[in-house]
Amino acid sequence: RVTLVRSRRVRCGAMEPLAALTLATSEMQRRLDAVADEQWTADTPCDGWDVTDVVRHVVGGNRMAVALLGGCSRDEAGNDDDDIQCLII
């Protein structure tokens, strides 16, 4: 089982959106780098989800947000990696 550890709180209210995204991306990468091979299939506090499921959910949500911000409709953006039907250039 993977234990969630509270990280330091960062106030993002005054941050520029791109700076906040950069910070969030680097923090997510730091956390992913800390996951050992055997932990990817470990249970999480999300009932029925392992670490891989949670990461796929976060990545899918981010890809969907990029598609929506790039002008795709909700239907084109889909809800997971396989459903994205709109290319962002």
# chains A, B, ... in the order shown; residues from 1 in each chain; ligands from 1
$ residues_around --residues "Asp50 (chain A)" --least-positions-apart "4" --cutoff "10 Å" --atoms "only C-alpha atoms" --output "PDB file with N, CA and C atoms, in the first residue's frame"
ATOM      1  N   ARG A   1       0.843  -1.180   0.000  1.00  0.00           N
ATOM      2  CA  ARG A   1       0.000   0.000   0.000  1.00  0.00           C
ATOM      3  C   ARG A   1       0.885   1.239   0.000  1.00  0.00           C
ATOM      4  N   VAL A   2       0.538   2.194  -0.812  1.00  0.00           N
ATOM      5  CA  VAL A   2       1.283   3.452  -0.881  1.00  0.00           C
ATOM      6  C   VAL A   2       0.686   4.413   0.124  1.00  0.00           C
ATOM      7  N   GLN A  39       5.654  -0.738  -6.602  1.00  0.00           N
ATOM      8  CA  GLN A  39       4.576   0.078  -6.041  1.00  0.00           C
ATOM      9  C   GLN A  39       3.495   0.444  -7.063  1.00  0.00           C
ATOM     10  N   TRP A  40       3.763   0.280  -8.348  1.00  0.00           N
ATOM     11  CA  TRP A  40       2.800   0.696  -9.365  1.00  0.00           C
ATOM     12  C   TRP A  40       1.477  -0.060  -9.265  1.00  0.00           C
ATOM     13  N   THR A  41       1.493  -1.248  -8.725  1.00  0.00           N
ATOM     14  CA  THR A  41       0.261  -2.028  -8.579  1.00  0.00           C
ATOM     15  C   THR A  41      -0.277  -2.001  -7.146  1.00  0.00           C
ATOM     16  N   ALA A  42       0.304  -1.166  -6.302  1.00  0.00           N
ATOM     17  CA  ALA A  42      -0.130  -1.061  -4.905  1.00  0.00           C
ATOM     18  C   ALA A  42      -1.485  -0.371  -4.812  1.00  0.00           C
ATOM     19  N   ASP A  43      -2.263  -0.760  -3.796  1.00  0.00           N
ATOM     20  CA  ASP A  43      -3.540  -0.111  -3.523  1.00  0.00           C
ATOM     21  C   ASP A  43      -3.315   1.340  -3.134  1.00  0.00           C
ATOM     22  N   THR A  44      -4.327   2.155  -3.361  1.00  0.00           N
ATOM     23  CA  THR A  44      -4.308   3.559  -2.947  1.00  0.00           C
ATOM     24  C   THR A  44      -5.537   3.807  -2.075  1.00  0.00           C
ATOM     25  N   PRO A  45      -5.652   4.985  -1.470  1.00  0.00           N
ATOM     26  CA  PRO A  45      -6.865   5.304  -0.713  1.00  0.00           C
ATOM     27  C   PRO A  45      -8.115   5.366  -1.594  1.00  0.00           C
ATOM     28  N   CYS A  46      -7.948   5.419  -2.903  1.00  0.00           N
ATOM     29  CA  CYS A  46      -9.082   5.422  -3.832  1.00  0.00           C
ATOM     30  C   CYS A  46      -9.520   3.978  -4.034  1.00  0.00           C
ATOM     31  N   VAL A  54      -4.440   5.702 -10.763  1.00  0.00           N
ATOM     32  CA  VAL A  54      -4.470   7.106 -10.352  1.00  0.00           C
ATOM     33  C   VAL A  54      -3.630   7.959 -11.306  1.00  0.00           C
ATOM     34  N   VAL A  55      -2.446   7.480 -11.654  1.00  0.00           N
ATOM     35  CA  VAL A  55      -1.579   8.237 -12.565  1.00  0.00           C
ATOM     36  C   VAL A  55      -2.234   8.365 -13.940  1.00  0.00           C
TER      37      VAL A  55
END
$ atom_distance --atom1 "CA of Val66 (chain A)" --atom2 "CA of Ala20 (chain A)"
15.1 Å
$ atom_distance --atom1 "CA of Met15 (chain A)" --atom2 "CA of Ser73 (chain A)"
28.0 Å
